[in-house]
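Source file: target.tsv (TSV, C-alpha atoms)
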chain	number	residue	atom	x	y	z
A	210	MET	CA	0.00	0.00	0.00
A	211	ALA	CA	1.34	3.40	-0.95
A	212	LEU	CA	2.00	5.84	1.86
A	213	ASN	CA	-0.42	8.64	2.56
A	214	PRO	CA	0.61	11.80	0.68
A	215	ASP	CA	-1.20	13.88	3.31
A	216	PHE	CA	1.97	13.53	5.38
A	217	ILE	CA	3.86	15.78	2.97
A	218	GLY	CA	4.72	18.97	4.85
A	219	ARG	CA	4.40	17.42	8.30
A	220	THR	CA	7.00	18.75	10.75
A	221	TYR	CA	7.83	16.69	13.83
A	222	PRO	CA	8.74	18.06	17.27
A	223	SER	CA	12.43	19.03	17.49
A	224	SER	CA	14.99	16.70	19.07
A	225	GLU	CA	16.71	17.32	22.36
A	226	PRO	CA	19.98	19.22	21.76
A	227	TYR	CA	22.93	17.08	20.62
A	228	LEU	CA	26.22	18.26	22.14
A	229	VAL	CA	29.04	17.84	19.60
A	230	GLY	CA	32.03	16.42	21.47
A	231	ARG	CA	35.70	16.82	20.63
A	232	GLU	CA	36.48	13.14	21.21
A	233	LYS	CA	33.44	12.06	19.16
A	234	ILE	CA	34.76	14.13	16.24
A	235	ARG	CA	38.20	12.51	16.61
A	236	GLU	CA	36.63	9.03	16.81
A	237	PHE	CA	34.44	9.65	13.74
A	238	ALA	CA	37.31	11.13	11.68
A	239	SER	CA	39.56	8.19	12.58
A	240	ALA	CA	36.80	5.74	11.62
A	241	ILE	CA	36.60	7.26	8.13
A	242	CYS	CA	40.44	7.24	7.98
A	243	ASP	CA	40.54	11.03	7.64
A	244	PHE	CA	43.50	12.59	9.39
A	245	ASN	CA	42.94	16.19	8.31
A	246	PRO	CA	44.48	18.10	11.27
A	247	VAL	CA	41.38	20.28	11.79
A	248	TYR	CA	39.47	17.15	12.88
A	249	HIS	CA	42.12	16.14	15.42
A	250	ASP	CA	44.35	19.03	16.47
A	251	LEU	CA	42.80	21.97	18.31
A	252	ALA	CA	45.63	24.33	17.34
A	253	ALA	CA	45.20	23.46	13.64
A	254	ALA	CA	41.46	24.16	13.82
A	255	GLN	CA	42.02	27.44	15.66
A	256	ALA	CA	44.65	28.47	13.11
A	257	LEU	CA	41.86	28.42	10.50
A	258	GLY	CA	39.67	30.59	12.73
A	259	TYR	CA	37.46	27.88	14.24
A	260	PRO	CA	36.66	27.96	17.98
A	261	ASP	CA	37.24	24.19	18.37
A	262	LEU	CA	37.72	20.98	16.37
A	263	VAL	CA	35.82	20.90	13.08
A	264	ALA	CA	33.53	17.93	12.33
A	265	PRO	CA	33.90	16.19	8.94
A	266	PRO	CA	31.18	17.15	6.42
A	267	THR	CA	28.99	14.08	6.98
A	268	PHE	CA	29.40	13.87	10.79
A	269	ALA	CA	26.00	15.45	11.48
A	270	PHE	CA	24.24	12.52	9.84
A	271	THR	CA	25.01	10.39	12.91
A	272	PHE	CA	22.53	12.30	15.07
A	273	VAL	CA	20.23	13.35	12.21
A	274	PHE	CA	19.64	9.66	11.53
A	275	ALA	CA	18.86	8.99	15.19
A	276	SER	CA	16.41	11.89	15.26
A	277	SER	CA	14.71	10.81	12.02
A	278	THR	CA	13.34	7.72	13.72
A	279	VAL	CA	10.40	9.96	14.74
A	280	VAL	CA	9.47	9.91	11.06
A	281	ILE	CA	10.54	6.38	10.12
A	282	MET	CA	8.80	4.84	13.15
A	283	ASP	CA	5.71	7.06	13.05
A	284	PRO	CA	2.90	4.45	13.27
A	285	ASP	CA	0.48	6.81	11.49
A	286	LEU	CA	2.84	7.09	8.49
A	287	GLY	CA	2.87	3.30	8.24
A	288	LEU	CA	6.35	2.84	6.81
A	289	ASP	CA	7.68	-0.71	7.05
A	290	TYR	CA	11.07	0.21	8.46
A	291	THR	CA	12.45	-3.32	7.98
A	292	LYS	CA	12.36	-2.62	4.23
A	293	VAL	CA	13.93	0.82	4.32
A	294	VAL	CA	17.16	1.64	2.51
A	295	HIS	CA	19.01	4.93	2.20
A	296	GLY	CA	18.62	6.24	-1.35
A	297	GLU	CA	20.14	9.73	-1.32
A	298	GLU	CA	21.73	12.13	1.12
A	299	SER	CA	22.70	15.78	0.86
A	300	PHE	CA	23.99	18.58	3.06
A	301	VAL	CA	23.81	22.36	2.69
A	302	TYR	CA	26.07	24.14	5.16
A	303	SER	CA	25.86	27.64	6.63
A	304	ARG	CA	29.10	26.78	8.41
A	305	PRO	CA	30.86	23.57	9.52
A	306	VAL	CA	29.74	21.83	12.70
A	307	VAL	CA	32.33	22.36	15.46
A	308	ALA	CA	32.92	20.79	18.86
A	309	GLY	CA	30.83	22.51	21.50
A	310	ASP	CA	27.83	23.07	19.21
A	311	GLU	CA	24.53	22.11	20.79
A	312	LEU	CA	22.34	21.28	17.83
A	313	VAL	CA	18.60	20.78	17.67
A	314	VAL	CA	17.21	18.77	14.75
A	315	THR	CA	13.80	19.49	13.24
A	316	ASN	CA	12.51	16.95	10.70
A	317	THR	CA	9.95	17.68	7.99
A	318	ILE	CA	8.54	15.26	5.43
A	319	GLU	CA	9.25	17.13	2.22
A	320	ASN	CA	7.91	14.60	-0.27
A	321	ILE	CA	6.36	11.17	-0.62
A	322	ARG	CA	6.18	9.46	-3.98
A	323	ALA	CA	5.92	5.99	-5.44
A	324	ALA	CA	8.35	4.79	-8.09
A	325	ALA	CA	8.65	1.28	-9.52
A	326	GLY	CA	6.63	-0.20	-6.67
A	327	ASN	CA	8.77	1.47	-3.99
A	328	ASP	CA	7.75	4.29	-1.70
A	329	MET	CA	10.27	7.12	-1.58
A	330	ILE	CA	10.17	9.60	1.27
A	331	THR	CA	12.21	12.79	1.39
A	332	VAL	CA	12.97	14.03	4.91
A	333	LYS	CA	14.49	17.47	5.37
A	334	SER	CA	16.28	18.08	8.67
A	335	SER	CA	17.27	21.52	9.89
A	336	LEU	CA	20.09	21.69	12.43
A	337	SER	CA	20.22	24.84	14.50
A	338	THR	CA	22.09	25.79	17.64
A	339	THR	CA	20.12	26.15	20.85
A	340	SER	CA	20.39	29.93	20.30
A	341	GLY	CA	18.70	29.61	16.90
A	342	GLU	CA	21.63	29.82	14.44
A	343	LEU	CA	20.97	27.60	11.39
A	344	VAL	CA	24.10	25.47	10.78
A	345	VAL	CA	23.20	22.70	8.32
A	346	ILE	CA	20.20	21.45	6.38
A	347	THR	CA	20.29	17.78	5.42
A	348	THR	CA	17.97	16.01	3.01
A	349	MET	CA	17.58	12.24	3.13
A	350	VAL	CA	15.67	10.12	0.64
A	351	ILE	CA	14.62	6.81	2.09
A	352	VAL	CA	13.24	4.03	-0.06
A	353	ALA	CA	10.79	1.49	1.31
A	354	ARG	CA	11.23	-1.43	-1.04
A	355	GLY	CA	8.25	-3.08	-2.61
A	356	THR	CA	5.58	-2.03	-0.10
A	357	ASP	CA	3.15	-1.85	-3.04
A	358	ALA	CA	3.76	-5.47	-3.86
A	359	LEU	CA	3.12	-6.79	-0.34
B	24	MET	CA	48.40	22.77	5.70
B	25	THR	CA	47.10	23.10	2.15
B	26	SER	CA	45.79	26.54	1.31
B	27	ILE	CA	42.48	26.90	-0.51
B	28	PRO	CA	43.01	26.92	-4.31
B	29	LYS	CA	42.31	30.16	-6.14
B	30	TYR	CA	39.20	30.32	-8.30
B	31	ALA	CA	41.25	31.99	-11.03
B	32	ASN	CA	43.50	28.93	-11.22
B	33	VAL	CA	40.81	26.32	-11.91
B	34	GLU	CA	38.66	25.65	-14.94
B	35	VAL	CA	36.04	23.13	-16.01
B	36	GLY	CA	37.99	19.90	-16.34
B	37	THR	CA	40.49	20.62	-13.54
B	38	LYS	CA	41.12	17.26	-11.88
B	39	LEU	CA	41.54	16.88	-8.13
B	40	PRO	CA	44.13	14.45	-6.76
B	41	SER	CA	42.45	11.05	-6.58
B	42	LEU	CA	42.37	8.75	-3.57
B	43	SER	CA	42.17	5.02	-2.82
B	44	VAL	CA	40.56	3.96	0.45
B	45	PRO	CA	40.92	0.32	1.54
B	46	ILE	CA	37.85	-0.97	3.43
B	47	GLN	CA	38.09	-3.99	5.68
B	48	ARG	CA	35.62	-5.49	8.14
B	49	LEU	CA	37.39	-3.59	10.91
B	50	SER	CA	36.71	-0.31	9.05
B	51	LEU	CA	32.98	-1.08	9.15
B	52	ILE	CA	33.05	-2.02	12.83
B	53	LYS	CA	34.82	1.25	13.65
B	54	TYR	CA	32.33	3.19	11.53
B	55	ALA	CA	29.39	1.42	13.20
B	56	GLY	CA	30.70	2.45	16.61
B	57	ALA	CA	31.55	6.01	15.62
B	58	SER	CA	28.26	6.64	13.79
B	59	GLY	CA	25.85	4.59	15.89
B	60	ASP	CA	24.66	2.68	12.80
B	61	PHE	CA	24.69	-0.96	13.93
B	62	ASN	CA	22.55	-2.30	11.08
B	63	VAL	CA	23.36	-6.03	10.92
B	64	ILE	CA	24.05	-6.01	7.16
B	65	HIS	CA	27.24	-4.05	7.87
B	66	TRP	CA	28.87	-6.66	10.13
B	67	ASN	CA	27.11	-10.03	10.00
B	68	GLU	CA	27.80	-12.08	6.84
B	69	ARG	CA	25.30	-14.80	7.80
B	70	PHE	CA	22.51	-12.23	8.02
B	71	ALA	CA	23.65	-10.21	4.97
B	72	THR	CA	23.67	-13.21	2.67
B	73	SER	CA	20.34	-14.44	4.08
B	74	VAL	CA	18.67	-11.23	2.82
B	75	GLY	CA	20.18	-11.61	-0.64
B	76	LEU	CA	23.27	-9.42	-0.38
B	77	PRO	CA	26.52	-10.74	-1.87
B	78	ASN	CA	28.31	-10.21	1.46
B	79	VAL	CA	28.54	-7.74	4.32
B	80	ILE	CA	28.26	-4.29	2.69
B	81	ALA	CA	29.84	-0.98	3.66
B	82	HIS	CA	27.64	1.72	5.17
B	83	GLY	CA	26.60	4.10	2.39
B	84	MET	CA	27.51	6.96	4.71
B	85	PHE	CA	31.03	5.53	5.10
B	86	THR	CA	31.43	5.71	1.32
B	87	MET	CA	29.96	9.21	1.29
B	88	ALA	CA	32.37	10.32	4.03
B	89	ALA	CA	35.35	8.77	2.24
B	90	ALA	CA	34.46	10.34	-1.11
B	91	ILE	CA	34.40	13.97	0.07
B	92	ARG	CA	38.00	13.58	1.25
B	93	VAL	CA	39.06	14.17	-2.35
B	94	VAL	CA	37.64	17.68	-1.94
B	95	THR	CA	38.68	18.37	1.66
B	96	ASP	CA	42.24	17.12	1.01
B	97	TRP	CA	42.36	19.49	-2.00
B	98	VAL	CA	41.12	22.58	-0.14
B	99	GLY	CA	42.52	21.82	3.34
B	100	ASP	CA	39.69	23.66	5.11
B	101	PRO	CA	36.54	21.49	5.18
B	102	GLY	CA	34.55	24.69	5.77
B	103	ALA	CA	35.03	25.40	2.05
B	104	VAL	CA	32.48	22.65	1.30
B	105	VAL	CA	29.19	24.53	0.95
B	106	GLU	CA	27.01	21.70	-0.35
B	107	TYR	CA	27.50	17.97	-0.76
B	108	GLY	CA	25.10	15.32	-2.01
B	109	VAL	CA	25.12	11.74	-3.34
B	110	ARG	CA	22.85	8.94	-4.48
B	111	PHE	CA	23.61	5.45	-3.21
B	112	THR	CA	23.45	3.43	-6.40
B	113	ARG	CA	25.30	0.20	-5.65
B	114	PRO	CA	26.47	-1.50	-2.44
B	115	VAL	CA	30.16	-2.06	-1.67
B	116	PRO	CA	30.62	-5.70	-0.56
B	117	VAL	CA	33.43	-6.14	1.96
B	118	PRO	CA	34.56	-9.79	2.08
B	119	ASP	CA	36.36	-11.24	5.09
B	120	ASP	CA	39.30	-12.43	2.99
B	121	GLY	CA	42.17	-10.44	4.46
B	122	VAL	CA	41.93	-7.93	1.62
B	123	GLY	CA	38.46	-6.40	1.81
B	124	ALA	CA	37.35	-3.81	-0.74
B	125	LEU	CA	39.08	-0.87	-2.33
B	126	LEU	CA	37.21	2.37	-2.90
B	127	GLU	CA	38.67	4.51	-5.67
B	128	ILE	CA	37.62	8.14	-5.69
B	129	SER	CA	38.29	10.89	-8.19
B	130	GLY	CA	36.96	14.40	-8.63
B	131	GLU	CA	36.78	17.00	-11.34
B	132	VAL	CA	35.60	20.58	-11.55
B	133	THR	CA	32.47	20.45	-13.72
B	134	GLU	CA	31.03	23.97	-13.37
B	135	LEU	CA	32.24	27.45	-12.46
B	136	LEU	CA	29.69	29.20	-10.24
B	137	ASP	CA	29.30	32.75	-8.90
B	138	ALA	CA	31.15	34.12	-5.87
B	139	HIS	CA	34.31	32.06	-6.46
B	140	ARG	CA	32.44	28.78	-6.07
B	141	VAL	CA	32.84	25.68	-8.22
B	142	ARG	CA	30.93	22.44	-8.61
B	143	VAL	CA	33.04	19.31	-8.22
B	144	THR	CA	31.70	16.00	-9.50
B	145	LEU	CA	33.01	12.93	-7.70
B	146	THR	CA	33.33	9.39	-8.97
B	147	ALA	CA	33.51	6.54	-6.45
B	148	ALA	CA	34.12	3.01	-7.69
B	149	SER	CA	34.83	-0.37	-6.19
B	150	ALA	CA	35.74	-3.51	-8.14
B	151	GLY	CA	35.42	-1.46	-11.33
B	152	GLN	CA	31.82	-0.37	-10.75
B	153	THR	CA	30.59	3.05	-9.67
B	154	VAL	CA	28.87	2.99	-6.28
B	155	LEU	CA	27.65	6.60	-5.97
B	156	GLY	CA	25.54	8.57	-8.42
B	157	LYS	CA	25.16	12.34	-8.75
B	158	ALA	CA	27.98	12.81	-6.24
B	159	GLN	CA	28.58	16.53	-6.29
B	160	ALA	CA	29.96	19.21	-4.03
B	161	VAL	CA	29.84	22.99	-4.22
B	162	VAL	CA	33.16	24.36	-3.01
B	163	GLN	CA	34.12	27.89	-2.02
B	164	LEU	CA	37.51	28.75	-3.49
B	165	ALA	CA	39.71	31.73	-2.72
The structure given in the file should be rewritten as structure tokens.
Amino acid sequence: MALNPDFIGRTYPSSEPYLVGREKIREFASAICDFNPVYHDLAAAQALGYPDLVAPPTFAFTFVFASSTVVIMDPDLGLDYTKVVHGEESFVYSRPVVAGDELVVTNTIENIRAAAGNDMITVKSSLSTTSGELVVITTMVIVARGTDAL
Amino acid sequence: MTSIPKYANVEVGTKLPSLSVPIQRLSLIKYAGASGDFNVIHWNERFATSVGLPNVIAHGMFTMAAAIRVVTDWVGDPGAVVEYGVRFTRPVPVPDDGVGALLEISGEVTELLDAHRVRVTLTAASAGQTVLGKAQAVVQLA
């Protein structure tokens, strides 16, 4: 069964603030084998004018994904999350995420469409500091495989 | 540290230094821990093959993170990346054979934009097949 298009435009309550930690940035950068000094060395980050370690460009997805469960698991939306795969991901930055940021994620269903028997849902997530500065907007397309056929 | 390339010194067709990233099972375990994505298909071969995958597959977001390094290594300052997006078109199987997979990434300037920005198109391939589609970044040059 196709998902209800009435959910397009629905915005979910914002997440609790996520505190970006210096050691989490170092751990994430090491896990992606990226040894750019601004991810590891405070002095190198400060030399480029940043207040603290810089997070790699895709770091924010780690907590965006956790927050998007409000959409994926929404029983009224009716998505079968066991059949969900990640189709597309994009980031638009106002500035890089840095250690010490406390970021609140707000998720909106931007689009729902069916293609080749799959449901495709576009979720837009705005990441702002607790004082209201917009830092990053991410857009995730998730594909629920073959829900039409079941 | 690398300084940000000058807009005046690049043109459509300028190639960025390419990169090869080996991926082993340990890479995926580290990424699972660092990202919080413990989906079983990224570490359990028995489960992965039972749902029709050729093997354990790399996290798409691992591949996405590895691919943008071609840009951030080029510019030095990751804050120069203004936009970045990809489509996940094909999984990257990571066999437990002591070798794993090799991700080969290249990038090329494909459009000159306003305000000293350029569009870079990335190609990511493993075992000779592209694994990302529409992988593009908008980069602020000096």
Within 8 Å of chain B: each chain A residue with its shortest pair, all atoms listed in the file, as a Markdown table:
| residue | atom | partner | partner_atom | distance |
| --- | --- | --- | --- | --- |
| A:Lys233 | CA | B:Ala57 | CA | 7.3 |
| A:Glu236 | CA | B:Ala57 | CA | 6.0 |
| A:Phe237 | CA | B:Ala57 | CA | 5.0 |
| A:Ala240 | CA | B:Tyr54 | CA | 5.1 |
| A:Ile241 | CA | B:Ala89 | CA | 6.2 |
| A:Cys242 | CA | B:Ala89 | CA | 7.8 |
| A:Asp243 | CA | B:Arg92 | CA | 7.3 |
| A:Asn245 | CA | B:Asp96 | CA | 7.4 |
| A:Val247 | CA | B:Asp100 | CA | 7.7 |
| A:Leu257 | CA | B:Asp100 | CA | 7.5 |
| A:Val263 | CA | B:Pro101 | CA | 8.0 |
| A:Pro265 | CA | B:Pro101 | CA | 7.0 |
| A:Pro266 | CA | B:Pro101 | CA | 7.0 |
| A:Thr267 | CA | B:Ala88 | CA | 5.9 |
| A:Phe268 | CA | B:Ser58 | CA | 7.9 |
| A:Thr271 | CA | B:Ser58 | CA | 5.0 |
| A:His295 | CA | B:Phe111 | CA | 7.1 |
| A:Gly296 | CA | B:Phe111 | CA | 5.4 |
| A:Glu297 | CA | B:Arg110 | CA | 4.2 |
| A:Glu298 | CA | B:Gly108 | CA | 5.6 |
| A:Ser299 | CA | B:Gly108 | CA | 3.8 |
| A:Phe300 | CA | B:Tyr107 | CA | 5.2 |
| A:Val301 | CA | B:Glu106 | CA | 4.5 |
| A:Tyr302 | CA | B:Val105 | CA | 5.3 |
| A:Ser303 | CA | B:Val105 | CA | 7.3 |
| A:Arg304 | CA | B:Gly102 | CA | 6.4 |
| A:Pro305 | CA | B:Gly102 | CA | 5.4 |
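As for atom CA of Gly123 of chain B and atom CA of Leu42 of chain B, they are spaced 16.5 Å apart.
All residues of protein, DNA or RNA that reach within 7 Å of Ser337 of chain A, judged by only C-alpha atoms and not counting those fewer than 4 positions away in the chain, are Leu312, Val313, Val314, Gly341, Glu342, Leu343 and Val344 of chain A.
Atom pair atom CA of Ser224 of chain A / atom CA of Thr315 of chain A has a distance of 6.6 Å (rounded to one decimal).
Between atom CA of Ala254 of chain A and atom CA of Pro226 of chain A the separation is 23.4 Å.
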Excluding Ala31 of chain B and any residue of its chain fewer than 3 positions from it, enumerate the residues within 12 Å of it, using all atoms listed in the file, and give them as a compact mmCIF listing (two decimals) with C-alpha atoms, in the frame of the given file.
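This went into out-v4.txt:
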# COMPACT_ATOMS: atom_id res chain seq x y z
CA ILE B 27 42.48 26.90 -0.51
CA PRO B 28 43.01 26.92 -4.31
CA GLU B 34 38.66 25.65 -14.94
CA VAL B 35 36.04 23.13 -16.01
CA THR B 37 40.49 20.62 -13.54
CA LEU B 135 32.24 27.45 -12.46
CA LEU B 136 29.69 29.20 -10.24
CA ALA B 138 31.15 34.12 -5.87
CA HIS B 139 34.31 32.06 -6.46
CA ARG B 140 32.44 28.78 -6.07
CA VAL B 141 32.84 25.68 -8.22
CA LEU B 164 37.51 28.75 -3.49
CA ALA B 165 39.71 31.73 -2.72
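Omitting Glu225 of chain A and its sequence neighbours fewer than 2 positions away, and counting all atoms listed in the file, the residues within 12 Å are Pro222, Ser223, Tyr227, Leu228, Phe272, Val273, Ala275, Ser276, Glu311, Leu312, Val313, Val314, Thr315, Leu336, Ser337, Thr338 and Thr339 of chain A.
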Just the residues within 12 Å of Asp285 of chain A, please, counting all atoms listed in the file, with nothing from its chain fewer than 2 positions along; format it as a CSV table (one decimal) with C-alpha atoms, keeping the file's coordinate frame.
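Writing done, so here's part-v1.csv:
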chain,number,residue,atom,x,y,z
A,212,LEU,CA,2.0,5.8,1.9
A,213,ASN,CA,-0.4,8.6,2.6
A,214,PRO,CA,0.6,11.8,0.7
A,215,ASP,CA,-1.2,13.9,3.3
A,216,PHE,CA,2.0,13.5,5.4
A,219,ARG,CA,4.4,17.4,8.3
A,279,VAL,CA,10.4,10.0,14.7
A,280,VAL,CA,9.5,9.9,11.1
A,281,ILE,CA,10.5,6.4,10.1
A,282,MET,CA,8.8,4.8,13.2
A,283,ASP,CA,5.7,7.1,13.0
A,287,GLY,CA,2.9,3.3,8.2
A,288,LEU,CA,6.4,2.8,6.8
A,289,ASP,CA,7.7,-0.7,7.0
To box segment 254-261 of chain A, take all atoms listed in the file, fit an axis-aligned box, add 6 Å on each side, and give centre and edge lengths in Å to one decimal, as lines of an AutoDock Vina configuration file.
center_x = 40.7
center_y = 27.4
center_z = 14.4
size_x = 20.0
size_y = 18.4
size_z = 19.9
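Considering the residues B:Gln163, B:Ser73, B:Ser129, B:Asn62 and counting only C-alpha atoms, Ala147 of chain B has its shortest atom-to-atom contact with B:Ser129.
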